[in-house]
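Single-structure report; data block below.
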Amino acid sequence: RAEYWVGIFHLRGYVMEKNPAEAARWMRLAAEHGDINGMARLGLWHLNGNLVSKDYQAARKWLGMAADAGHVDAQLDLAHLQTRSDYPDPQDRDGLKRVKPLAEAGNANAMELYGLMCYYGRGAPASKSESFLWYHKAAEAGRRYAQYWTGQCLHKGKGTKKDMAQAIEWYRKAARNGEYHAQLELGHCYESGLGVPIDLIEAHKWFTLAGKTPSTNVGPLLENLQKKINPEQIQESQRRVRLFEDGIDVKPGEQRQKEEELDLKKLPFDPAGIT
């Protein structure tokens with residue numbers, strides 16, 4: 001256990017200086033000495049290429065050991081690995097058997113993953129309707145990517161009836177939770193008037209917010225949009241972005257009211273007490 005925590009301290013910069021290389025070294029020692037959390041974390045790092053090399057074989061080894069020892073997150077990370085289209089062994093699917101029982105037991109991450117498995121027919125019978133059912137359950141439990149996918153299913157009519165109004169609401173929930181795919185979708189919807197009135201300021205806001213996610217290239221989208229709006233509208237978009245970052249996002253038309261409410265909360269006295 002001590003080796004695992006030394007690795008965490010180096011990773012987070014607790015007590016000692018942040019040092020990713022030392023974090024990886026200590027985590028490997030923890031895993032090699034049988035620490036279940038060390039195995040789970042090292043496997044996840046190899047899965048995503050964080051701090052160590054991206055190596056599916058090493059990820060399979062460490063996640064498999066932690067999963068077999070009962071580590072729930074490792075069980076789900078192993079299943080994520082085995083659903084990837086570039087996973088080199090398509091016959092290696094044993095980790096997927098654990099997902100549905102976890103989903104049925106109420107694990108929101110498992111619900112989301114089982115929705116993906118049903119959608120693509122990987123480790124589960126291909127069924128868009130079953131996929132929507134599980135994505136919707138995960139969305140209601142607060143999983144932001146599932147909220148985005150619930151919106152996608154309602155938008156495209158995949159596994160459920162098309163309902164653009166409901167799709168917009170799920171995109172909005174996911175976008176407010178920081179899901180950049182949903183922020184991009186809202187930008188496109190407001191730019192084209194799909195399911196909402198055209199609002200180029202709101203489109204600019206959502207594209208700008210999506211662009212704050214690393215590796216998301218919204219430059220061409222914003223460049224095209226800025227040909228259609230004036231500098232004052234860009235300033236208004238930037239004001240809405242700041243409001244969002246302050247924790248306020250409301251539908252167009254409600255912006256000023258909510259901003260005034262925020263300003264009142266910042267007053268050093270209660271304005272209701274003034275006569």
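Residue numbering restarts at 1 in every chain; chains get A, B, ... in the order shown in the structure tokens, and ligands count up from 1 in that same order.
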
Query - Surrounding residues of Asn224 in chain A excluding itself and chain neighbours under 2 positions, 12 Å, only C-alpha atoms, as a ChimeraX atom specification - result: /A:188,191,200,203-204,207,218-222,226-229

Output of the above residues as a CSV table (one decimal), in the first residue's frame, restricted to all heavy atoms:
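Saved as part-v5.csv:
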```csv
chain,number,residue,atom,x,y,z
A,188,HIS,N,-24.0,23.7,-33.5
A,188,HIS,CA,-24.6,23.4,-34.8
A,188,HIS,C,-26.1,23.7,-34.9
A,188,HIS,O,-26.6,24.2,-35.8
A,188,HIS,CB,-24.3,22.0,-35.3
A,188,HIS,CG,-22.8,21.8,-35.6
A,188,HIS,ND1,-22.2,22.5,-36.6
A,188,HIS,CD2,-21.9,20.9,-35.1
A,188,HIS,CE1,-20.9,22.0,-36.7
A,188,HIS,NE2,-20.7,21.1,-35.8
A,191,GLU,N,-26.8,27.4,-34.8
A,191,GLU,CA,-26.4,28.0,-36.1
A,191,GLU,C,-27.4,27.7,-37.2
A,191,GLU,O,-27.7,28.6,-38.0
A,191,GLU,CB,-25.0,27.5,-36.5
A,191,GLU,CG,-24.5,28.2,-37.8
A,191,GLU,CD,-23.1,27.8,-38.1
A,191,GLU,OE1,-22.6,26.7,-37.6
A,191,GLU,OE2,-22.4,28.5,-38.9
A,200,LEU,N,-27.1,33.0,-33.5
A,200,LEU,CA,-25.7,32.9,-33.8
A,200,LEU,C,-24.8,33.2,-32.7
A,200,LEU,O,-23.7,32.7,-32.6
A,200,LEU,CB,-25.4,33.8,-35.0
A,200,LEU,CG,-26.1,33.4,-36.3
A,200,LEU,CD1,-25.7,34.3,-37.5
A,200,LEU,CD2,-26.0,32.0,-36.7
A,203,ALA,N,-24.7,30.0,-30.7
A,203,ALA,CA,-23.9,29.1,-31.5
A,203,ALA,C,-22.4,29.4,-31.2
A,203,ALA,O,-21.6,28.5,-30.9
A,203,ALA,CB,-24.2,29.2,-33.0
A,204,HIS,N,-22.0,30.7,-31.3
A,204,HIS,CA,-20.7,31.1,-31.0
A,204,HIS,C,-20.2,30.7,-29.6
A,204,HIS,O,-19.1,30.3,-29.4
A,204,HIS,CB,-20.5,32.6,-31.3
A,204,HIS,CG,-19.1,33.1,-31.3
A,204,HIS,ND1,-18.4,33.4,-30.2
A,204,HIS,CD2,-18.3,33.4,-32.4
A,204,HIS,CE1,-17.2,33.8,-30.5
A,204,HIS,NE2,-17.1,33.8,-31.9
A,207,PHE,N,-19.6,26.8,-29.4
A,207,PHE,CA,-18.4,26.5,-30.2
A,207,PHE,C,-17.2,26.9,-29.4
A,207,PHE,O,-16.2,26.2,-29.3
A,207,PHE,CB,-18.4,27.1,-31.6
A,207,PHE,CG,-19.3,26.5,-32.6
A,207,PHE,CD1,-19.8,27.2,-33.6
A,207,PHE,CD2,-19.6,25.1,-32.5
A,207,PHE,CE1,-20.7,26.7,-34.5
A,207,PHE,CE2,-20.4,24.5,-33.4
A,207,PHE,CZ,-21.0,25.3,-34.4
A,218,VAL,N,-12.0,24.0,-33.1
A,218,VAL,CA,-13.2,24.7,-33.5
A,218,VAL,C,-12.9,25.9,-34.3
A,218,VAL,O,-13.8,26.7,-34.7
A,218,VAL,CB,-14.0,25.1,-32.3
A,218,VAL,CG1,-14.5,23.9,-31.5
A,218,VAL,CG2,-13.2,26.0,-31.4
A,219,GLY,N,-11.6,26.1,-34.7
A,219,GLY,CA,-11.2,27.3,-35.4
A,219,GLY,C,-12.0,27.5,-36.7
A,219,GLY,O,-12.5,28.6,-36.9
A,220,PRO,N,-12.1,26.5,-37.6
A,220,PRO,CA,-12.9,26.8,-38.8
A,220,PRO,C,-14.4,27.1,-38.5
A,220,PRO,O,-15.0,27.9,-39.2
A,220,PRO,CB,-12.8,25.4,-39.5
A,220,PRO,CG,-11.5,24.8,-39.0
A,220,PRO,CD,-11.4,25.3,-37.6
A,221,LEU,N,-15.0,26.5,-37.5
A,221,LEU,CA,-16.4,26.7,-37.1
A,221,LEU,C,-16.5,28.2,-36.7
A,221,LEU,O,-17.5,28.9,-37.1
A,221,LEU,CB,-16.8,25.8,-36.0
A,221,LEU,CG,-16.9,24.3,-36.3
A,221,LEU,CD1,-17.1,23.5,-35.1
A,221,LEU,CD2,-18.0,24.0,-37.4
A,222,LEU,N,-15.6,28.7,-35.8
A,222,LEU,CA,-15.7,30.0,-35.3
A,222,LEU,C,-15.4,31.0,-36.5
A,222,LEU,O,-16.1,32.1,-36.6
A,222,LEU,CB,-14.8,30.2,-34.2
A,222,LEU,CG,-15.2,29.6,-32.9
A,222,LEU,CD1,-14.1,29.7,-31.8
A,222,LEU,CD2,-16.5,30.2,-32.3
A,226,GLN,N,-18.1,33.8,-37.5
A,226,GLN,CA,-17.7,35.3,-37.3
A,226,GLN,C,-17.9,36.1,-38.6
A,226,GLN,O,-18.0,37.3,-38.5
A,226,GLN,CB,-16.3,35.4,-36.8
A,226,GLN,CG,-16.2,35.0,-35.3
A,226,GLN,CD,-14.8,34.8,-34.8
A,226,GLN,OE1,-13.8,35.0,-35.6
A,226,GLN,NE2,-14.6,34.4,-33.6
A,227,LYS,N,-18.1,35.4,-39.7
A,227,LYS,CA,-18.4,36.2,-41.0
A,227,LYS,C,-19.9,36.6,-41.0
A,227,LYS,O,-20.3,37.5,-41.7
A,227,LYS,CB,-18.2,35.3,-42.2
A,227,LYS,CG,-16.7,34.9,-42.4
A,227,LYS,CD,-16.6,33.9,-43.5
A,227,LYS,CE,-15.1,33.5,-43.7
A,227,LYS,NZ,-15.0,32.4,-44.8
A,228,LYS,N,-20.7,36.0,-40.1
A,228,LYS,CA,-22.1,36.3,-40.0
A,228,LYS,C,-22.5,37.2,-38.9
A,228,LYS,O,-23.7,37.6,-38.8
A,228,LYS,CB,-22.9,34.9,-39.9
A,228,LYS,CG,-22.5,33.9,-40.9
A,228,LYS,CD,-23.2,32.6,-40.6
A,228,LYS,CE,-22.8,31.5,-41.5
A,228,LYS,NZ,-23.5,30.2,-41.2
A,229,ILE,N,-21.6,37.5,-38.0
A,229,ILE,CA,-22.0,38.3,-36.8
A,229,ILE,C,-21.0,39.5,-36.7
A,229,ILE,O,-19.9,39.4,-37.2
A,229,ILE,CB,-22.0,37.4,-35.5
A,229,ILE,CG1,-20.6,36.8,-35.2
A,229,ILE,CG2,-23.1,36.4,-35.6
A,229,ILE,CD1,-20.6,36.0,-34.0
```

I'd like the neighbourhood of Ala182 in chain A as a CSV table (one decimal) with all heavy atoms, in the first residue's frame, where a residue qualifies if any of its atoms comes within 9 Å (using only C-alpha atoms), though same-chain residues fewer than 4 positions away should be ignored.
```csv
chain,number,residue,atom,x,y,z
A,145,TYR,N,-21.4,11.6,-20.9
A,145,TYR,CA,-21.3,11.1,-22.2
A,145,TYR,C,-22.6,10.3,-22.6
A,145,TYR,O,-23.1,10.4,-23.8
A,145,TYR,CB,-20.1,10.1,-22.4
A,145,TYR,CG,-19.8,9.7,-23.8
A,145,TYR,CD1,-19.3,10.6,-24.7
A,145,TYR,CD2,-20.0,8.4,-24.2
A,145,TYR,CE1,-19.1,10.2,-26.0
A,145,TYR,CE2,-19.7,8.0,-25.5
A,145,TYR,CZ,-19.3,8.9,-26.4
A,145,TYR,OH,-19.0,8.5,-27.7
A,147,GLN,N,-25.5,11.2,-21.5
A,147,GLN,CA,-26.5,12.3,-21.8
A,147,GLN,C,-26.3,12.7,-23.2
A,147,GLN,O,-27.3,12.9,-23.9
A,147,GLN,CB,-26.2,13.4,-20.8
A,147,GLN,CG,-26.6,13.1,-19.4
A,147,GLN,CD,-26.2,14.2,-18.4
A,147,GLN,OE1,-25.3,15.0,-18.7
A,147,GLN,NE2,-26.8,14.2,-17.2
A,148,TYR,N,-25.1,12.9,-23.7
A,148,TYR,CA,-24.9,13.2,-25.1
A,148,TYR,C,-25.4,12.2,-26.0
A,148,TYR,O,-26.1,12.5,-27.0
A,148,TYR,CB,-23.4,13.4,-25.3
A,148,TYR,CG,-23.0,13.3,-26.8
A,148,TYR,CD1,-23.3,14.3,-27.7
A,148,TYR,CD2,-22.3,12.2,-27.3
A,148,TYR,CE1,-23.0,14.3,-29.0
A,148,TYR,CE2,-21.9,12.1,-28.6
A,148,TYR,CZ,-22.3,13.1,-29.5
A,148,TYR,OH,-21.9,13.1,-30.8
A,149,TRP,N,-25.1,10.9,-25.7
A,149,TRP,CA,-25.6,9.8,-26.6
A,149,TRP,C,-27.1,9.7,-26.6
A,149,TRP,O,-27.8,9.3,-27.6
A,149,TRP,CB,-24.9,8.5,-26.3
A,149,TRP,CG,-23.8,8.2,-27.2
A,149,TRP,CD1,-22.5,8.4,-27.0
A,149,TRP,CD2,-23.9,7.7,-28.5
A,149,TRP,NE1,-21.8,8.1,-28.1
A,149,TRP,CE2,-22.6,7.6,-29.1
A,149,TRP,CE3,-25.0,7.4,-29.3
A,149,TRP,CZ2,-22.4,7.2,-30.4
A,149,TRP,CZ3,-24.8,7.0,-30.6
A,149,TRP,CH2,-23.5,6.9,-31.1
A,151,GLY,N,-29.1,12.2,-26.3
A,151,GLY,CA,-29.5,13.2,-27.2
A,151,GLY,C,-29.3,12.8,-28.7
A,151,GLY,O,-30.1,13.0,-29.5
A,152,GLN,N,-28.2,12.1,-29.0
A,152,GLN,CA,-27.9,11.6,-30.3
A,152,GLN,C,-29.0,10.6,-30.8
A,152,GLN,O,-29.5,10.7,-31.9
A,152,GLN,CB,-26.6,10.9,-30.4
A,152,GLN,CG,-25.4,11.8,-30.5
A,152,GLN,CD,-25.2,12.3,-32.0
A,152,GLN,OE1,-24.7,11.5,-32.8
A,152,GLN,NE2,-25.5,13.5,-32.3
A,170,TRP,N,-31.2,17.0,-23.7
A,170,TRP,CA,-30.2,16.1,-23.3
A,170,TRP,C,-28.8,16.7,-23.7
A,170,TRP,O,-27.8,16.6,-23.0
A,170,TRP,CB,-30.4,14.7,-23.8
A,170,TRP,CG,-31.4,14.0,-22.9
A,170,TRP,CD1,-32.7,13.6,-23.3
A,170,TRP,CD2,-31.2,13.5,-21.6
A,170,TRP,NE1,-33.3,13.0,-22.2
A,170,TRP,CE2,-32.4,12.9,-21.2
A,170,TRP,CE3,-30.2,13.6,-20.7
A,170,TRP,CZ2,-32.6,12.4,-19.9
A,170,TRP,CZ3,-30.3,13.1,-19.4
A,170,TRP,CH2,-31.5,12.5,-19.0
A,171,TYR,N,-28.7,17.3,-24.9
A,171,TYR,CA,-27.5,17.9,-25.3
A,171,TYR,C,-27.1,19.0,-24.3
A,171,TYR,O,-26.0,19.2,-23.9
A,171,TYR,CB,-27.7,18.6,-26.7
A,171,TYR,CG,-27.6,17.6,-27.9
A,171,TYR,CD1,-28.3,17.9,-29.1
A,171,TYR,CD2,-26.9,16.4,-27.8
A,171,TYR,CE1,-28.2,17.1,-30.2
A,171,TYR,CE2,-26.9,15.5,-28.9
A,171,TYR,CZ,-27.5,15.9,-30.1
A,171,TYR,OH,-27.5,15.1,-31.2
A,172,ARG,N,-28.2,19.8,-23.9
A,172,ARG,CA,-27.9,20.9,-22.9
A,172,ARG,C,-27.4,20.3,-21.6
A,172,ARG,O,-26.4,20.9,-21.0
A,172,ARG,CB,-29.2,21.7,-22.7
A,172,ARG,CG,-28.9,23.1,-22.1
A,172,ARG,CD,-30.2,23.8,-21.9
A,172,ARG,NE,-30.9,24.1,-23.2
A,172,ARG,CZ,-30.5,25.0,-24.0
A,172,ARG,NH1,-29.5,25.8,-23.8
A,172,ARG,NH2,-31.2,25.2,-25.2
A,173,LYS,N,-28.0,19.3,-21.1
A,173,LYS,CA,-27.5,18.7,-19.8
A,173,LYS,C,-26.1,18.2,-20.0
A,173,LYS,O,-25.2,18.5,-19.1
A,173,LYS,CB,-28.4,17.5,-19.4
A,173,LYS,CG,-29.8,17.9,-18.9
A,173,LYS,CD,-30.6,16.7,-18.6
A,173,LYS,CE,-32.0,17.1,-18.1
A,173,LYS,NZ,-32.8,16.0,-17.7
A,174,ALA,N,-25.8,17.5,-21.0
A,174,ALA,CA,-24.4,17.0,-21.3
A,174,ALA,C,-23.4,18.2,-21.4
A,174,ALA,O,-22.3,18.2,-20.9
A,174,ALA,CB,-24.3,16.1,-22.5
A,175,ALA,N,-23.8,19.2,-22.2
A,175,ALA,CA,-23.0,20.4,-22.4
A,175,ALA,C,-22.7,21.1,-21.1
A,175,ALA,O,-21.6,21.6,-20.9
A,175,ALA,CB,-23.6,21.3,-23.4
A,176,ARG,N,-23.7,21.3,-20.3
A,176,ARG,CA,-23.5,21.9,-19.0
A,176,ARG,C,-22.6,21.1,-18.1
A,176,ARG,O,-21.9,21.7,-17.2
A,176,ARG,CB,-24.8,22.1,-18.3
A,176,ARG,CG,-25.7,23.2,-18.9
A,176,ARG,CD,-27.1,23.3,-18.3
A,176,ARG,NE,-27.8,24.4,-18.8
A,176,ARG,CZ,-29.1,24.6,-18.6
A,176,ARG,NH1,-29.8,23.7,-18.0
A,176,ARG,NH2,-29.7,25.7,-19.0
A,178,GLY,N,-20.0,19.7,-19.2
A,178,GLY,CA,-18.7,19.8,-19.8
A,178,GLY,C,-18.4,18.8,-21.0
A,178,GLY,O,-17.2,18.7,-21.4
A,186,LEU,N,-24.8,21.5,-29.9
A,186,LEU,CA,-25.7,22.7,-29.6
A,186,LEU,C,-25.2,23.9,-30.5
A,186,LEU,O,-26.1,24.6,-31.0
A,186,LEU,CB,-25.5,23.1,-28.1
A,186,LEU,CG,-26.4,22.3,-27.1
A,186,LEU,CD1,-26.1,22.8,-25.7
A,186,LEU,CD2,-27.9,22.3,-27.5
A,187,GLY,N,-23.9,24.0,-30.7
A,187,GLY,CA,-23.5,25.1,-31.6
A,187,GLY,C,-24.1,24.9,-33.0
A,187,GLY,O,-24.6,25.9,-33.6
A,206,TRP,N,-21.3,28.2,-27.7
A,206,TRP,CA,-21.1,26.8,-27.5
A,206,TRP,C,-19.9,26.3,-28.3
A,206,TRP,O,-19.1,25.4,-27.8
A,206,TRP,CB,-22.4,26.0,-27.9
A,206,TRP,CG,-23.5,26.1,-26.9
A,206,TRP,CD1,-24.7,26.7,-27.1
A,206,TRP,CD2,-23.4,25.7,-25.6
A,206,TRP,NE1,-25.4,26.6,-26.0
A,206,TRP,CE2,-24.7,26.0,-25.0
A,206,TRP,CE3,-22.5,25.0,-24.8
A,206,TRP,CZ2,-25.0,25.7,-23.7
A,206,TRP,CZ3,-22.8,24.8,-23.4
A,206,TRP,CH2,-24.1,25.1,-22.9
A,210,ALA,N,-16.7,24.5,-26.4
A,210,ALA,CA,-16.2,23.2,-26.9
A,210,ALA,C,-14.7,23.3,-27.2
A,210,ALA,O,-13.9,22.4,-27.0
A,210,ALA,CB,-16.9,22.8,-28.2
```

Query raised in the report: Which residue, A:Ala141, A:Leu81, A:Leu154, A:Ala69, has the smallest gap to Lys54 in chain A when you use only C-alpha atoms?
Result: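 Closest to Lys54 in chain A, using only C-alpha atoms: A:Leu81.
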
Query raised in the report: Got a sec: who's within 12 Å of range 103-117 of chain A, counting only C-alpha atoms, leaving out chain neighbours fewer than 3 positions off, as a PyMOL selection string?
Result: chain A and resi 72-85+93+96-100+120-150+153+159

Report task. Taking the DSSP assignment computed from this structure's backbone, write out as a ChimeraX atom specification all residues of range 70-259 of chain A that belong to helix (DSSP H, G or I). Result -> /A:72-83,94-104,108-120,128-140,144-156,164-176,180-192,200-210,219-226,231-245,255-259

Exercise: range 10-24 of chain A partners within 9 Å, only C-alpha atoms, chain neighbours under 3 positions left out, as a PDB file with N, CA, C and O atoms, in the first residue's frame:
```pdb
ATOM      1  N   TYR A   4       1.953   2.335  -3.471  1.00  0.00           N
ATOM      2  CA  TYR A   4       0.850   2.942  -4.222  1.00  0.00           C
ATOM      3  C   TYR A   4       0.691   4.408  -3.837  1.00  0.00           C
ATOM      4  O   TYR A   4       0.583   5.283  -4.704  1.00  0.00           O
ATOM      5  N   TRP A   5       0.703   4.693  -2.551  1.00  0.00           N
ATOM      6  CA  TRP A   5       0.486   6.074  -2.109  1.00  0.00           C
ATOM      7  C   TRP A   5       1.669   6.981  -2.427  1.00  0.00           C
ATOM      8  O   TRP A   5       1.487   8.162  -2.713  1.00  0.00           O
ATOM      9  N   VAL A   6       2.880   6.424  -2.414  1.00  0.00           N
ATOM     10  CA  VAL A   6       4.026   7.230  -2.851  1.00  0.00           C
ATOM     11  C   VAL A   6       3.845   7.620  -4.312  1.00  0.00           C
ATOM     12  O   VAL A   6       4.118   8.765  -4.708  1.00  0.00           O
ATOM     13  N   GLY A   7       3.359   6.674  -5.114  1.00  0.00           N
ATOM     14  CA  GLY A   7       3.071   6.975  -6.507  1.00  0.00           C
ATOM     15  C   GLY A   7       2.026   8.070  -6.655  1.00  0.00           C
ATOM     16  O   GLY A   7       2.159   8.981  -7.478  1.00  0.00           O
ATOM     17  N   MET A  27       4.172   3.263  -8.968  1.00  0.00           N
ATOM     18  CA  MET A  27       2.932   2.539  -9.255  1.00  0.00           C
ATOM     19  C   MET A  27       3.242   1.157  -9.815  1.00  0.00           C
ATOM     20  O   MET A  27       2.548   0.175  -9.501  1.00  0.00           O
ATOM     21  N   ARG A  28       4.272   1.054 -10.632  1.00  0.00           N
ATOM     22  CA  ARG A  28       4.664  -0.245 -11.157  1.00  0.00           C
ATOM     23  C   ARG A  28       5.139  -1.171 -10.027  1.00  0.00           C
ATOM     24  O   ARG A  28       4.802  -2.366  -9.994  1.00  0.00           O
ATOM     25  N   LEU A  29       5.892  -0.596  -9.100  1.00  0.00           N
ATOM     26  CA  LEU A  29       6.334  -1.398  -7.949  1.00  0.00           C
ATOM     27  C   LEU A  29       5.136  -1.896  -7.142  1.00  0.00           C
ATOM     28  O   LEU A  29       5.084  -3.055  -6.724  1.00  0.00           O
ATOM     29  N   LEU A  42      -2.155   1.174 -12.972  1.00  0.00           N
ATOM     30  CA  LEU A  42      -1.120   0.958 -13.985  1.00  0.00           C
ATOM     31  C   LEU A  42      -1.750   0.436 -15.278  1.00  0.00           C
ATOM     32  O   LEU A  42      -1.372   0.853 -16.379  1.00  0.00           O
ATOM     33  N   TRP A  45      -3.358   3.333 -17.008  1.00  0.00           N
ATOM     34  CA  TRP A  45      -2.348   4.185 -17.636  1.00  0.00           C
ATOM     35  C   TRP A  45      -1.854   3.583 -18.948  1.00  0.00           C
ATOM     36  O   TRP A  45      -1.682   4.282 -19.933  1.00  0.00           O
ATOM     37  N   LEU A  51       1.443   8.598 -18.617  1.00  0.00           N
ATOM     38  CA  LEU A  51       2.631   8.395 -17.782  1.00  0.00           C
ATOM     39  C   LEU A  51       3.490   7.212 -18.215  1.00  0.00           C
ATOM     40  O   LEU A  51       4.690   7.179 -17.942  1.00  0.00           O
ATOM     41  N   VAL A  52       2.900   6.233 -18.856  1.00  0.00           N
ATOM     42  CA  VAL A  52       3.627   5.065 -19.367  1.00  0.00           C
ATOM     43  C   VAL A  52       3.228   4.872 -20.826  1.00  0.00           C
ATOM     44  O   VAL A  52       2.330   5.541 -21.330  1.00  0.00           O
TER      45      VAL A  52
END
```

Requested in this report: Compile the contact shell of Lys205 in chain A as a PyMOL selection string: residues with an atom at most 7 Å away, counting only C-alpha atoms, same-chain residues fewer than 6 positions apart removed.
Outcome: chain A and resi 237-238+240-241

Next, the residues of the selection above should be written as a PDB file, in the first residue's frame with N, CA, C and O atoms.
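New file part_34.pdb:
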```
ATOM      1  N   SER A 237     -21.388  36.994 -26.935  1.00  0.00           N
ATOM      2  CA  SER A 237     -21.052  35.579 -26.805  1.00  0.00           C
ATOM      3  C   SER A 237     -20.013  35.366 -25.707  1.00  0.00           C
ATOM      4  O   SER A 237     -20.139  34.455 -24.884  1.00  0.00           O
ATOM      5  N   GLN A 238     -18.991  36.207 -25.705  1.00  0.00           N
ATOM      6  CA  GLN A 238     -17.940  36.090 -24.692  1.00  0.00           C
ATOM      7  C   GLN A 238     -18.487  36.333 -23.296  1.00  0.00           C
ATOM      8  O   GLN A 238     -18.049  35.694 -22.323  1.00  0.00           O
ATOM      9  N   ARG A 240     -21.521  35.559 -22.352  1.00  0.00           N
ATOM     10  CA  ARG A 240     -22.247  34.336 -22.011  1.00  0.00           C
ATOM     11  C   ARG A 240     -21.283  33.210 -21.630  1.00  0.00           C
ATOM     12  O   ARG A 240     -21.587  32.400 -20.750  1.00  0.00           O
ATOM     13  N   VAL A 241     -20.140  33.171 -22.280  1.00  0.00           N
ATOM     14  CA  VAL A 241     -19.120  32.175 -21.918  1.00  0.00           C
ATOM     15  C   VAL A 241     -18.667  32.395 -20.482  1.00  0.00           C
ATOM     16  O   VAL A 241     -18.538  31.450 -19.692  1.00  0.00           O
TER      17      VAL A 241
END
```

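The residue that comes closest to Lys61 in chain A, out of A:Gly247, A:Pro214, A:Gly43, A:Gly38 and on the basis of only C-alpha atoms, is A:Gly43.
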